[in-house]
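Engineer: I'm passing along run.csv; it holds CSV, C-alpha atoms.
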chain,number,residue,atom,x,y,z
A,1,MET,CA,-229.3,180.4,-0.3
A,2,GLN,CA,-230.7,179.4,-3.8
A,3,LYS,CA,-227.4,180.4,-5.5
A,4,LEU,CA,-225.4,178.6,-3.0
A,5,LEU,CA,-227.4,175.4,-3.3
A,6,ASP,CA,-227.3,175.6,-7.1
A,7,ARG,CA,-223.5,176.1,-7.0
A,8,LEU,CA,-222.9,173.2,-4.6
A,9,LEU,CA,-224.9,170.7,-6.8
A,10,GLN,CA,-223.2,172.0,-9.9
A,11,GLN,CA,-219.9,171.5,-8.2
A,12,GLY,CA,-220.8,167.9,-7.3
A,13,LEU,CA,-221.9,167.2,-10.8
A,14,GLU,CA,-218.7,168.6,-12.4
A,15,GLU,CA,-216.5,166.7,-9.9
A,16,GLY,CA,-218.3,163.4,-10.9
A,17,CYS,CA,-219.9,162.8,-7.5
A,18,PHE,CA,-223.2,161.8,-9.2
A,19,PRO,CA,-224.9,161.9,-12.6
A,20,GLY,CA,-227.8,163.8,-11.1
A,21,ALA,CA,-229.1,165.1,-7.8
A,22,VAL,CA,-231.8,167.2,-6.2
A,23,ALA,CA,-231.5,168.9,-2.8
A,24,ALA,CA,-233.4,171.1,-0.4
A,25,VAL,CA,-232.5,173.3,2.6
A,26,GLY,CA,-234.7,175.1,5.0
A,27,ASP,CA,-236.0,175.3,8.5
A,28,ALA,CA,-239.0,174.0,10.4
A,29,ASN,CA,-241.3,176.5,8.7
A,30,HIS,CA,-239.6,177.6,5.5
A,31,VAL,CA,-238.1,176.0,2.4
A,32,TRP,CA,-235.2,178.3,1.5
A,33,ALA,CA,-234.1,176.6,-1.7
A,34,VAL,CA,-234.6,173.5,-3.9
A,35,SER,CA,-232.2,172.7,-6.7
A,36,THR,CA,-231.9,170.0,-9.3
A,37,VAL,CA,-229.0,169.1,-11.5
A,38,GLY,CA,-228.0,166.5,-14.1
A,39,VAL,CA,-229.9,163.4,-15.4
A,40,ILE,CA,-231.7,160.4,-13.9
A,41,ALA,CA,-229.4,158.1,-15.9
A,42,GLN,CA,-226.6,158.2,-18.5
A,43,GLY,CA,-228.2,159.5,-21.6
A,44,GLY,CA,-231.5,159.9,-19.8
A,45,PRO,CA,-233.9,162.8,-19.1
A,46,GLU,CA,-233.0,165.6,-16.7
A,47,VAL,CA,-233.8,165.3,-13.0
A,48,ASN,CA,-236.8,167.2,-11.7
A,49,ARG,CA,-238.6,167.6,-8.3
A,50,GLU,CA,-240.7,164.6,-9.0
A,51,THR,CA,-237.8,162.3,-9.6
A,52,ARG,CA,-237.9,159.4,-7.1
A,53,TYR,CA,-234.6,158.1,-5.7
A,54,ASP,CA,-233.8,154.8,-4.1
A,55,MET,CA,-233.3,155.8,-0.5
A,56,ALA,CA,-231.2,152.8,0.4
A,57,SER,CA,-230.5,152.8,4.2
A,58,LEU,CA,-232.3,156.1,4.7
A,59,SER,CA,-235.3,153.7,4.4
A,60,LYS,CA,-234.5,152.6,7.9
A,61,VAL,CA,-235.6,155.9,9.2
A,62,LEU,CA,-238.5,156.5,6.8
A,63,GLY,CA,-240.2,153.1,7.4
A,64,PRO,CA,-239.4,150.8,10.3
A,65,THR,CA,-238.0,153.4,12.7
A,66,MET,CA,-241.2,155.5,12.3
A,67,ILE,CA,-243.4,152.4,12.6
A,68,ALA,CA,-241.6,151.4,15.8
A,69,LEU,CA,-241.9,154.8,17.3
A,70,ARG,CA,-245.6,155.1,16.6
A,71,LEU,CA,-246.2,151.6,18.0
A,72,ILE,CA,-244.4,152.6,21.2
A,73,GLU,CA,-246.6,155.7,21.4
A,74,GLU,CA,-249.7,153.6,20.9
A,75,GLY,CA,-248.8,151.3,23.8
A,76,LYS,CA,-248.3,148.3,21.6
A,77,LEU,CA,-244.5,148.1,21.7
A,78,SER,CA,-241.7,148.6,24.2
A,79,LEU,CA,-238.0,149.2,23.5
A,80,TYR,CA,-237.3,146.3,25.8
A,81,ASP,CA,-239.5,143.8,24.1
A,82,THR,CA,-237.2,141.1,22.8
A,83,ILE,CA,-236.9,138.9,19.7
A,84,GLY,CA,-238.3,136.2,21.9
A,85,THR,CA,-241.4,138.2,22.6
A,86,PHE,CA,-242.4,137.8,19.0
A,87,PHE,CA,-240.5,134.6,18.1
A,88,PRO,CA,-240.4,132.4,21.2
A,89,ASP,CA,-238.5,129.7,19.2
A,90,ALA,CA,-235.6,131.9,18.4
A,91,PRO,CA,-232.2,130.6,19.2
A,92,GLU,CA,-231.2,131.2,22.8
A,93,ASP,CA,-228.4,133.7,21.9
A,94,LYS,CA,-230.9,136.0,20.2
A,95,ARG,CA,-234.0,135.4,22.2
A,96,GLY,CA,-233.1,138.2,24.6
A,97,ILE,CA,-232.1,140.9,22.1
A,98,THR,CA,-234.2,144.0,22.5
A,99,VAL,CA,-235.9,146.4,20.2
A,100,PHE,CA,-233.6,149.1,21.7
A,101,GLN,CA,-230.5,147.1,20.8
A,102,LEU,CA,-231.7,146.6,17.2
A,103,MET,CA,-232.5,150.3,16.8
A,104,THR,CA,-229.2,151.4,18.2
A,105,HIS,CA,-227.2,148.8,16.3
A,106,THR,CA,-225.9,147.3,19.5
A,107,ALA,CA,-227.5,143.8,19.1
A,108,GLY,CA,-224.3,142.2,17.8
A,109,PHE,CA,-225.7,141.1,14.4
A,110,ASN,CA,-223.3,140.6,11.5
A,111,PRO,CA,-223.4,143.9,9.4
A,112,ALA,CA,-224.5,142.0,6.3
A,113,PHE,CA,-224.5,138.7,4.5
A,114,TRP,CA,-226.3,137.5,1.4
A,115,LEU,CA,-229.7,136.1,2.0
A,116,ASP,CA,-230.0,134.7,-1.5
A,117,GLN,CA,-227.1,132.4,-0.8
A,118,LEU,CA,-228.5,131.1,2.5
A,119,ALA,CA,-232.2,131.2,2.3
A,120,GLU,CA,-234.4,129.0,0.2
A,121,SER,CA,-237.0,131.8,-0.4
A,122,PRO,CA,-237.9,135.3,1.1
A,123,GLU,CA,-240.2,133.4,3.5
A,124,ASP,CA,-237.1,131.5,4.8
A,125,ALA,CA,-235.2,134.7,5.6
A,126,LEU,CA,-236.1,135.0,9.2
A,127,ARG,CA,-234.8,131.5,9.9
A,128,VAL,CA,-231.5,132.4,8.3
A,129,LEU,CA,-231.3,135.7,10.2
A,130,LEU,CA,-231.8,134.0,13.5
A,131,ASP,CA,-229.5,131.0,12.8
A,132,GLN,CA,-226.4,133.0,11.8
A,133,PRO,CA,-223.9,133.5,14.7
A,134,LEU,CA,-223.7,136.9,16.3
A,135,ASP,CA,-220.5,139.0,15.7
A,136,ASN,CA,-220.6,140.5,19.2
A,137,PRO,CA,-222.4,140.0,22.5
A,138,PRO,CA,-225.7,142.0,22.6
A,139,GLY,CA,-225.5,145.3,24.4
A,140,GLY,CA,-221.8,146.0,23.5
A,141,ALA,CA,-220.3,148.5,21.1
A,142,PRO,CA,-222.4,149.5,18.2
A,143,SER,CA,-221.9,147.8,14.8
A,144,TYR,CA,-224.1,149.0,12.0
A,145,SER,CA,-226.2,146.1,10.8
A,146,CYS,CA,-228.7,145.8,8.0
A,147,MET,CA,-229.4,142.3,9.2
A,148,GLY,CA,-230.4,143.5,12.7
A,149,TYR,CA,-232.8,146.0,11.0
A,150,ILE,CA,-234.3,143.3,8.8
A,151,THR,CA,-235.0,141.3,11.9
A,152,LEU,CA,-236.6,144.3,13.5
A,153,GLY,CA,-238.8,144.6,10.4
A,154,LYS,CA,-240.0,141.0,10.8
A,155,MET,CA,-240.9,141.8,14.5
A,156,LEU,CA,-242.9,144.8,13.4
A,157,GLU,CA,-244.7,142.8,10.8
A,158,LYS,CA,-245.6,140.1,13.4
A,159,LEU,CA,-246.9,142.8,15.8
A,160,GLY,CA,-248.7,144.8,13.2
A,161,GLY,CA,-250.2,141.8,11.4
A,162,LYS,CA,-249.3,143.3,7.9
A,163,PRO,CA,-246.4,143.5,5.5
A,164,LEU,CA,-243.9,146.2,6.1
A,165,ASN,CA,-244.9,148.2,3.0
A,166,VAL,CA,-248.6,148.3,4.1
A,167,LEU,CA,-247.6,149.3,7.7
A,168,ALA,CA,-245.4,152.1,6.2
A,169,ASP,CA,-248.2,153.4,4.0
A,170,GLU,CA,-250.8,153.3,6.8
A,171,MET,CA,-248.6,154.6,9.6
A,172,VAL,CA,-246.1,156.9,8.0
A,173,PHE,CA,-246.5,157.9,4.4
A,174,GLY,CA,-250.3,158.3,4.3
A,175,PRO,CA,-250.6,160.2,7.6
A,176,LEU,CA,-247.8,162.6,6.6
A,177,GLY,CA,-249.1,163.1,3.0
A,178,MET,CA,-246.0,161.7,1.4
A,179,LYS,CA,-247.9,160.7,-1.8
A,180,ASN,CA,-244.9,159.7,-3.9
A,181,THR,CA,-243.0,157.7,-1.3
A,182,GLY,CA,-243.2,153.9,-0.9
A,183,TYR,CA,-241.8,150.5,-1.8
A,184,CYS,CA,-241.7,148.9,-5.2
A,185,PRO,CA,-242.4,152.1,-7.3
A,186,THR,CA,-243.8,152.2,-10.8
A,187,GLY,CA,-243.3,154.8,-13.5
A,188,ASP,CA,-240.3,156.2,-15.5
A,189,ASN,CA,-239.1,159.2,-13.5
A,190,ILE,CA,-236.9,157.1,-11.2
A,191,ALA,CA,-233.2,157.7,-10.8
A,192,ALA,CA,-231.1,154.8,-12.0
A,193,THR,CA,-228.6,153.1,-9.7
A,194,GLU,CA,-225.9,150.5,-10.5
A,195,ILE,CA,-225.6,148.7,-13.8
A,196,CYS,CA,-226.3,145.0,-13.2
A,197,ALA,CA,-223.3,142.9,-14.1
A,198,GLU,CA,-225.5,140.1,-15.4
A,199,THR,CA,-227.8,142.1,-17.7
A,200,GLY,CA,-225.8,145.2,-18.5
A,201,ILE,CA,-228.9,147.3,-17.6
A,202,ALA,CA,-229.1,149.7,-14.7
A,203,TRP,CA,-231.4,149.0,-11.8
A,204,GLN,CA,-234.3,151.5,-12.1
A,205,GLY,CA,-237.3,151.3,-9.9
A,206,ILE,CA,-235.9,148.0,-8.5
A,207,VAL,CA,-234.1,148.4,-5.2
A,208,HIS,CA,-230.3,148.4,-5.4
A,209,ASP,CA,-229.6,146.6,-2.1
A,210,GLU,CA,-229.1,142.9,-2.7
A,211,ASN,CA,-230.9,141.6,0.4
A,212,ALA,CA,-233.9,143.9,-0.1
A,213,ARG,CA,-234.1,142.8,-3.7
A,214,PHE,CA,-234.1,139.2,-2.6
A,215,LEU,CA,-237.0,140.1,-0.2
A,216,ARG,CA,-239.0,141.3,-3.3
A,217,GLY,CA,-238.2,145.0,-2.6
A,218,ILE,CA,-239.9,145.1,0.8
A,219,SER,CA,-237.3,145.1,3.6
A,220,ALA,CA,-236.5,147.1,6.8
A,221,ASN,CA,-233.0,147.9,5.7
A,222,ALA,CA,-233.8,149.4,2.3
A,223,GLY,CA,-236.5,149.6,-0.4
A,224,VAL,CA,-238.2,153.0,0.1
A,225,PHE,CA,-238.2,155.3,-2.9
A,226,SER,CA,-239.0,159.0,-2.5
A,227,CYS,CA,-238.8,162.5,-4.1
A,228,ILE,CA,-237.6,165.8,-2.8
A,229,ASP,CA,-241.0,167.3,-1.9
A,230,ASP,CA,-242.0,164.3,0.2
A,231,MET,CA,-238.6,164.4,1.9
A,232,ILE,CA,-239.2,168.1,2.7
A,233,ILE,CA,-242.5,167.1,4.4
A,234,PHE,CA,-240.6,164.4,6.4
A,235,ALA,CA,-237.7,166.7,7.3
A,236,GLN,CA,-239.9,169.6,8.5
A,237,MET,CA,-242.0,167.2,10.6
A,238,LEU,CA,-238.8,166.2,12.4
A,239,ALA,CA,-237.6,169.8,12.5
A,240,ARG,CA,-240.8,170.8,14.2
A,241,GLY,CA,-240.2,168.3,17.0
A,242,GLY,CA,-242.7,165.7,15.6
A,243,ASP,CA,-245.3,168.2,14.6
A,244,GLY,CA,-248.2,166.2,16.1
A,245,TYR,CA,-247.1,163.1,14.3
A,246,LEU,CA,-244.6,162.1,17.0
A,247,SER,CA,-244.9,163.4,20.5
A,248,PRO,CA,-242.2,165.6,22.1
A,249,ALA,CA,-241.4,162.8,24.5
A,250,MET,CA,-240.9,160.3,21.7
A,251,MET,CA,-238.7,162.7,19.6
A,252,ASP,CA,-236.6,163.3,22.7
A,253,LYS,CA,-236.1,159.6,23.3
A,254,ALA,CA,-235.4,158.8,19.6
A,255,THR,CA,-232.7,161.5,19.1
A,256,ARG,CA,-230.6,161.0,22.3
A,257,CYS,CA,-227.1,159.6,21.9
A,258,TYR,CA,-227.0,156.1,23.3
A,259,THR,CA,-223.4,155.3,22.2
A,260,PRO,CA,-221.4,158.3,23.5
A,261,ASP,CA,-218.1,156.4,23.6
A,262,ALA,CA,-218.3,155.0,20.1
A,263,ASP,CA,-216.9,156.3,16.8
A,264,VAL,CA,-220.5,156.8,15.6
A,265,HIS,CA,-223.2,158.2,17.7
A,266,ARG,CA,-226.6,156.4,17.5
A,267,GLY,CA,-230.1,157.3,18.5
A,268,LEU,CA,-233.1,155.1,17.9
A,269,GLY,CA,-232.6,154.5,14.2
A,270,PHE,CA,-230.9,157.9,13.7
A,271,HIS,CA,-227.3,158.7,13.1
A,272,LEU,CA,-226.2,161.6,15.3
A,273,ALA,CA,-223.6,164.3,14.7
A,274,GLY,CA,-220.7,164.8,17.1
A,275,THR,CA,-218.0,162.5,15.8
A,276,GLU,CA,-215.3,162.6,13.1
A,277,LEU,CA,-217.3,159.9,11.1
A,278,ASN,CA,-220.4,162.1,11.1
A,279,PHE,CA,-221.7,162.7,7.6
A,280,MET,CA,-223.2,166.1,8.5
A,281,GLY,CA,-219.8,167.9,8.4
A,282,ASP,CA,-218.1,170.2,10.8
A,283,LEU,CA,-220.8,172.8,11.6
A,284,PHE,CA,-224.1,171.0,12.2
A,285,PRO,CA,-224.4,170.9,16.1
A,286,ASP,CA,-223.6,167.7,17.9
A,287,CYS,CA,-227.3,167.3,18.7
A,288,SER,CA,-228.2,167.1,15.0
A,289,PHE,CA,-229.6,163.8,13.6
A,290,GLY,CA,-230.4,162.1,10.3
A,291,HIS,CA,-229.2,159.2,8.2
A,292,THR,CA,-227.6,158.4,4.9
A,293,GLY,CA,-228.3,155.9,2.1
A,294,PHE,CA,-225.6,153.9,0.2
A,295,THR,CA,-227.0,155.0,-3.1
A,296,GLY,CA,-226.2,158.7,-2.4
A,297,THR,CA,-229.1,160.0,-0.2
A,298,SER,CA,-229.0,161.8,3.1
A,299,LEU,CA,-231.1,163.8,5.6
A,300,ALA,CA,-229.8,166.1,8.3
A,301,VAL,CA,-231.8,168.0,10.9
A,302,ASP,CA,-230.7,170.4,13.7
A,303,PRO,CA,-233.4,170.3,16.4
A,304,THR,CA,-232.2,173.5,18.0
A,305,THR,CA,-232.8,175.7,15.0
A,306,GLY,CA,-234.9,173.5,12.9
A,307,VAL,CA,-232.5,173.8,10.0
A,308,PHE,CA,-232.6,170.8,7.7
A,309,ALA,CA,-230.8,169.6,4.5
A,310,VAL,CA,-231.8,166.8,2.2
A,311,LEU,CA,-229.6,165.5,-0.6
A,312,LEU,CA,-230.9,162.9,-3.1
A,313,SER,CA,-228.4,161.5,-5.6
A,314,ASN,CA,-227.6,158.3,-7.4
A,315,ARG,CA,-223.9,158.3,-6.9
A,316,VAL,CA,-223.9,154.5,-7.6
A,317,HIS,CA,-224.8,155.0,-11.2
A,318,PRO,CA,-223.2,153.5,-13.2
A,319,THR,CA,-221.1,151.9,-10.5
A,320,ARG,CA,-220.8,151.7,-6.7
A,321,ASP,CA,-217.1,152.3,-7.0
A,322,ASN,CA,-217.7,156.0,-7.2
A,323,LEU,CA,-216.9,157.3,-3.7
A,324,LYS,CA,-216.5,161.0,-4.4
A,325,LEU,CA,-219.8,161.8,-2.7
A,326,MET,CA,-218.5,161.0,0.7
A,327,ARG,CA,-216.3,164.1,1.0
A,328,PHE,CA,-218.7,166.2,-1.0
A,329,ARG,CA,-221.5,165.5,1.4
A,330,ARG,CA,-219.5,167.0,4.3
A,331,LEU,CA,-218.6,170.1,2.3
A,332,PHE,CA,-222.2,170.4,1.2
A,333,HIS,CA,-223.5,170.4,4.8
A,334,ASN,CA,-220.7,172.8,5.9
A,335,ALA,CA,-221.5,175.4,3.3
A,336,LEU,CA,-225.3,175.2,3.9
A,337,TYR,CA,-225.1,175.4,7.7
A,338,ALA,CA,-222.6,178.3,7.6
A,339,GLU,CA,-225.1,180.2,5.4
A,340,ALA,CA,-228.1,179.2,7.6
A,341,SER,CA,-226.3,180.4,10.7
A,342,ARG,CA,-226.2,183.9,9.1
A,343,ARG,CA,-230.0,183.9,9.0
A,344,MET,CA,-230.4,183.0,12.7
Would you write out, as structure tokens, the structure that this file holds?
Structural biologist:
Amino acid sequence: MQKLLDRLLQQGLEEGCFPGAVAAVGDANHVWAVSTVGVIAQGGPEVNRETRYDMASLSKVLGPTMIALRLIEEGKLSLYDTIGTFFPDAPEDKRGITVFQLMTHTAGFNPAFWLDQLAESPEDALRVLLDQPLDNPPGGAPSYSCMGYITLGKMLEKLGGKPLNVLADEMVFGPLGMKNTGYCPTGDNIAATEICAETGIAWQGIVHDENARFLRGISANAGVFSCIDDMIIFAQMLARGGDGYLSPAMMDKATRCYTPDADVHRGLGFHLAGTELNFMGDLFPDCSFGHTGFTGTSLAVDPTTGVFAVLLSNRVHPTRDNLKLMRFRRLFHNALYAEASRRM
């Protein structure tokens, strides 16, 4: 497996899918291979296992999804609590939107708009989120929305009484022992993302997502940075059915498909396999789950065998116009799962 993983990352590097990457593959109880390739930035040092990557939308699973699931288990939150439960003055068209709809992307929120153009400050963001018209009626077909997840994060902060980054540290990263994962990182060993058009300098340690950046790096749609060893901890927890962190009942609820007739299958926060648009390729079983990040990150878990694959890359460096990773990611998962199936 090590030779295969090394070959796949080298292939991705040579094909220009990313300037650097680190990946891991294993199952619930074993790490079969970890591989690094390339550099953290053009002309920069080589990637290593401690290199932290901007997880982009994979943050949705790492932070707010886990916080919500834990709060449900603690009897503090229901999937059918509404925006109005926490913000009674919300506009009528959004007051009845549920946590379930936000987590399955069926709330009808616009996929994305620029908060910095509409909000006077980060503190004004919730007003803007709730004032914008919905794209679709709540409860309809799924439409992936960062704005819906940012709203969910505001609800979790209201319920938890603390900022999202503190809740994530206390409820997710700390309990799981993910010591190098969090929002607003410091240090030099951080993979660079896109070169800022205004400064000509690449974002490094500053979240790539524009809305999360406007929110000072702490947002429910993006903002988490992590390294491969921490992501292995997270992946194996999921592969072991929650491993005491989440109950079997919660894991089952979170990883069911709630959008069976849609082009993309959605669980509670998770992207599920089983459709042509599934990033996990052609061989991961339909019950597999995970998520991707715009910057070039992904996590895939097969709950039946415990097989997992983590890919961390900065495909947006130096520019987001590089789309070569999209096909590579499917080939990557195909090759790894084919080899994993020979071990079963």
Engineer: Between A:Gly153, A:Phe279, A:His317, A:Ile228, which has the minimum distance to Ala212 in chain A (counting only C-alpha atoms)?
Structural biologist: A:Gly153
Engineer: Write out as a compact mmCIF listing (two decimals) with C-alpha atoms, in the frame of the given file the residues lying within 10 Å of Leu62 in chain A, counting all atoms listed in the file and excluding same-chain residues fewer than 5 positions away.
Structural biologist:
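The new file around.txt reads:
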# COMPACT_ATOMS: atom_id res chain seq x y z
CA MET A 55 -233.30 155.80 -0.50
CA SER A 57 -230.50 152.80 4.20
CA ILE A 67 -243.40 152.40 12.60
CA ALA A 168 -245.40 152.10 6.20
CA VAL A 172 -246.10 156.90 8.00
CA PHE A 173 -246.50 157.90 4.40
CA THR A 181 -243.00 157.70 -1.30
CA GLY A 182 -243.20 153.90 -0.90
CA ALA A 220 -236.50 147.10 6.80
CA ALA A 222 -233.80 149.40 2.30
CA VAL A 224 -238.20 153.00 0.10
CA PHE A 225 -238.20 155.30 -2.90
CA SER A 226 -239.00 159.00 -2.50
CA MET A 231 -238.60 164.40 1.90
CA PHE A 234 -240.60 164.40 6.40
CA GLY A 269 -232.60 154.50 14.20
CA HIS A 291 -229.20 159.20 8.20
Engineer: What is the CA of Asn110 in chain A-CA of Gly161 in chain A distance in Å, reported with one decimal?
Structural biologist: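 Pair CA of Asn110 in chain A / CA of Gly161 in chain A returns 26.9 Å.
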Engineer: With distances taken over only C-alpha atoms, which residue among A:Thr65, A:Ser298, A:Gln117, A:Thr319 lies nearest Ala235 in chain A?
Structural biologist: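 Closest to Ala235 in chain A, using only C-alpha atoms: A:Ser298.
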Engineer: Given the choices A:Asn180, A:Thr193, A:Ser219, A:Gln101, which gets closest to Glu50 in chain A if the distance is worked out from all atoms listed in the file?
Structural biologist: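 For Glu50 in chain A, the nearest of the given residues is A:Asn180.
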Engineer: Pick the closest to Met280 in chain A from A:Trp114, A:Tyr258, A:Phe332, A:Phe294: which is it, counting all atoms listed in the file?
Structural biologist: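 Ranking A:Trp114, A:Tyr258, A:Phe332, A:Phe294 by distance to Met280 in chain A, first place goes to A:Phe332.
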